[in-house]
Amino acid sequence: MTSVQIPVQTAPPGLGGLPDLQRERLVALRAGLLSEQAVAVSPAVGRALEMADAYLFLALGYLGHTDELFPGESAPGAPPP
Amino acid sequence: MTTVEKSGLWNAPTQTARRETLDALHLERIRHLVGWAYENSPLHRRIYDAAGVKPADIRTWDDYHHKLPFTDKPHYVADQEASVDGFGGIARGPETWQQYFHTTGTTGRFLNEAFTHYELHKAGSQYCYGLWDHGIRPSDSMYFCFDFGMWIGLWSFYWGARNLGLTIVSGGGASGVERVRQILERRPTIVCGTPTYLLHLAEVAKREGLDVRDAGVRMLAGGGEAGFSIPATRDQLKQAWGAEQVYDAYGVGEALFIGQSCNEWGGGVHVIEDVCHSYSVDPASGEPVTSPDAVGEHVLTSYTHFAQPFIKYRTHDLVRIDDAPDHGCGWTWKHMPGTVLGRADFMVTIRGVNVYPTAVENLIGEVAGLSNHYELHISRMDGMDRMLVKVEAAAPGADGAELGRSLGGYLRENLGVRLETEILSAGALPRYELKTKRIFDSRSVDERPTVTLGDNL
């Protein structure tokens, strides 16, 4: 796996208030989704969860999420988003 | 109706965010993207290595503006031609792509474009901000009057319609008459096409004894040409279709329709800052343009593209950018009055006056008796730029000589220089379903404006 060089930033930007709270909840939701995707019992379930991740990631983008910019950024060798 | 549906803005948290907040998000995204591209796109690594820049060097806006090199279409075309799979600047392999397209080839060469599933949805999301602001909701419908080919432009509108949840009606594979009949039968909320083609469809309907105004279409939308931002063409479209709204969008082949109009119509489009960073530079020095009144070359970084990143990418479009717009819409996103004022490489200097093709296009629409079908022919003779404006008369049998005098006088009055004019009979110019070619520049590469961007290429 390749790594991405990201300059250190002490205070990541955020939108504040409710948007930041919703973003935090969605990040947690996404962690659960990716866990389920990793143990999907069939290609059908796995692919459906991949697509769900793409939609979920759109919501994260609307909320100013910058830890990753697209699904799979941290793991380019992973299945396609 | 849910709380979300009642909201007047598609995504208020970012659409109304303070400039400082937006700029902080942009810088963070750009730094990520530069790192991603350096590690995964051989083209970007070569460009950055040649400039002696590493991702960790890009920490501030000053770094972005002055250390990071510009990228341009020739970089991608050269990489495309040297690659095995025929794509340039690729950072993710074909196994991740869901669909590919190419640009229209307006500038002479097709550029192949690759999109993953997520990227197509992200590309579609940019339409939702403007459409939602115009009151379009998931219960509405959009008719597409074009064949679904390889050009990304109108395809991305389709992804926008999917993203917003509109009912999609395809006019693919149908003739003009069939499309008119389908529109009258289906009564879509929105009809999507190029301005020229939408006016053509209204003419087709008349010839068949039909009237597209009977379809109750509320909005005309699309792109590919300047027409949706030209006041006279907007009025003509509204009149021909009986539509309440004309929706303007500004697209760049490589980054899609990153500019969308708000409902207040401030005379241009807003940059969709959730999907890109946009600024303009002095074409000679490459320095950022900061005055909202100054014209510069538009440069952007796309947050839609990761399989094929476009970072600090030259669009060659001449724009004005107001980063604190205040025309009452509530958006804080940058605004481009007049949308695109011309192409840096199409700029014409006549007797010391810079003439932007879009300024000429706007003025043509204000002369009574002329149609919206025109061509601008740029040439160079004896070391001087020349522009010939060819326009169709609106009606058969019109007095071409008188119209020519009116047009020439009006252009001189407003531009300060005299351009050559030629009035053609109605119907003389070709009609296109997709992008209409209106500007023909026969100057050699050496005769066109030199754009150096301070040699930071």
# chains A, B, ... in the order shown; residues from 1 in each chain; ligands from 1
$ select_by_dssp --residues "segment 6-80 of chain A" --states "helix (DSSP H, G or I)" --output "PyMOL selection string"
chain A and resi 17-38+43-62
$ write_last_selection --atoms "C-alpha atoms" --output "mmCIF file, in the first residue's frame"
data_model
loop_
_atom_site.group_PDB
_atom_site.id
_atom_site.type_symbol
_atom_site.label_atom_id
_atom_site.label_comp_id
_atom_site.auth_asym_id
_atom_site.auth_seq_id
_atom_site.Cartn_x
_atom_site.Cartn_y
_atom_site.Cartn_z
ATOM 1 C CA GLY A 17 -21.872 23.325 15.668
ATOM 2 C CA LEU A 18 -24.426 20.837 14.357
ATOM 3 C CA PRO A 19 -22.574 20.083 11.098
ATOM 4 C CA ASP A 20 -19.472 18.978 13.020
ATOM 5 C CA LEU A 21 -21.563 16.843 15.382
ATOM 6 C CA GLN A 22 -23.325 15.160 12.479
ATOM 7 C CA ARG A 23 -20.006 14.605 10.732
ATOM 8 C CA GLU A 24 -18.625 12.885 13.834
ATOM 9 C CA ARG A 25 -21.674 10.598 13.981
ATOM 10 C CA LEU A 26 -21.361 9.765 10.301
ATOM 11 C CA VAL A 27 -17.656 8.961 10.654
ATOM 12 C CA ALA A 28 -18.612 6.454 13.344
ATOM 13 C CA LEU A 29 -21.402 5.094 11.156
ATOM 14 C CA ARG A 30 -18.951 4.687 8.303
ATOM 15 C CA ALA A 31 -16.521 2.744 10.496
ATOM 16 C CA GLY A 32 -19.346 0.289 11.204
ATOM 17 C CA LEU A 33 -20.259 0.113 7.540
ATOM 18 C CA LEU A 34 -16.685 -0.658 6.492
ATOM 19 C CA SER A 35 -16.455 -3.370 9.171
ATOM 20 C CA GLU A 36 -19.548 -5.023 7.762
ATOM 21 C CA GLN A 37 -18.209 -4.694 4.243
ATOM 22 C CA ALA A 38 -15.033 -6.490 5.276
ATOM 23 C CA PRO A 43 -20.459 -10.403 -3.298
ATOM 24 C CA ALA A 44 -23.987 -8.989 -3.435
ATOM 25 C CA VAL A 45 -23.861 -7.753 0.125
ATOM 26 C CA GLY A 46 -20.293 -6.507 -0.290
ATOM 27 C CA ARG A 47 -21.080 -4.519 -3.420
ATOM 28 C CA ALA A 48 -24.236 -3.054 -1.906
ATOM 29 C CA LEU A 49 -22.220 -1.865 1.078
ATOM 30 C CA GLU A 50 -19.560 -0.391 -1.216
ATOM 31 C CA MET A 51 -22.260 1.640 -2.929
ATOM 32 C CA ALA A 52 -23.695 2.648 0.417
ATOM 33 C CA ASP A 53 -20.233 3.872 1.361
ATOM 34 C CA ALA A 54 -20.110 6.080 -1.737
ATOM 35 C CA TYR A 55 -23.414 7.705 -0.775
ATOM 36 C CA LEU A 56 -22.352 8.059 2.839
ATOM 37 C CA PHE A 57 -19.136 9.668 1.701
ATOM 38 C CA LEU A 58 -21.096 12.284 -0.237
ATOM 39 C CA ALA A 59 -22.727 13.294 3.040
ATOM 40 C CA LEU A 60 -19.315 13.512 4.717
ATOM 41 C CA GLY A 61 -18.119 15.783 1.905
ATOM 42 C CA TYR A 62 -21.086 18.103 2.423
#
$ residues_around --residues "segment 109-123 of chain B" --least-positions-apart "2" --cutoff "8 Å" --atoms "only C-alpha atoms" --output "MDAnalysis selection string"
(chainID A and resid 54:55 58 70:71 80:81) or (chainID B and resid 73 76:77 80 86:88 96:107 125:126 156 159:160 163 254 256 275 304:308)
$ interface_residues --of "chain B" --to "chain A" --cutoff "6 Å" --atoms "only C-alpha atoms" --output "ChimeraX atom specification"
/B:24-25,32,35-36,56,96,118
$ write_last_selection --atoms "C-alpha atoms" --output "short mmCIF file (atom, residue, chain, number, x, y, z; two decimals), in the first residue's frame"
data_model
loop_
_atom_site.label_atom_id
_atom_site.label_comp_id
_atom_site.auth_asym_id
_atom_site.auth_seq_id
_atom_site.Cartn_x
_atom_site.Cartn_y
_atom_site.Cartn_z
CA ALA B 24 -9.35 26.55 5.44
CA LEU B 25 -11.31 23.61 4.00
CA HIS B 32 -4.48 16.03 0.62
CA GLY B 35 -0.17 14.20 -1.68
CA TRP B 36 -2.51 11.71 -3.31
CA ALA B 56 5.00 18.52 2.36
CA THR B 96 -11.78 1.13 -10.43
CA TYR B 118 -18.20 7.80 -6.35
#
$ residues_around --residues "segment 260-269 of chain B" --least-positions-apart "5" --cutoff "10 Å" --atoms "only C-alpha atoms" --output "PyMOL selection string"
chain B and resi 9+126-135+228-231+245-251+320-321+325-331+333-340
$ residues_around --residues "Glu420 of chain B" --least-positions-apart "6" --cutoff "8 Å" --atoms "only C-alpha atoms" --output "list in words"
Arg386, Met387, Leu388, Val389 and Gly408 of chain B
$ select_by_dssp --residues "segment 177-289 of chain B" --states "strand (DSSP E)" --output "list in words"
Ile190, Val191, Cys192, Gly193, Met219, Leu220, Ala221, Gly222, Gln245, Val246, Ala249, Tyr250, Gly251, Val252, Leu256, Phe257, Ile258, Gly259, Gln260, Gly268, Val269, His270, Val271, Cys276, His277, Ser278, Tyr279, Ser280 and Val281 of chain B
$ residues_around --residues "Lys67 of chain B" --least-positions-apart "3" --cutoff "7 Å" --atoms "only C-alpha atoms" --output "ChimeraX atom specification"
/B:53,63-64
$ atom_distance --atom1 "atom CA of Glu208 of chain B" --atom2 "atom CA of Glu375 of chain B"
27.8 Å
$ closest_residue --among "B:Met150, B:Val348, B:Ile272, B:Ile90" --to "Gly124 of chain B" --atoms "only C-alpha atoms"
B:Ile272
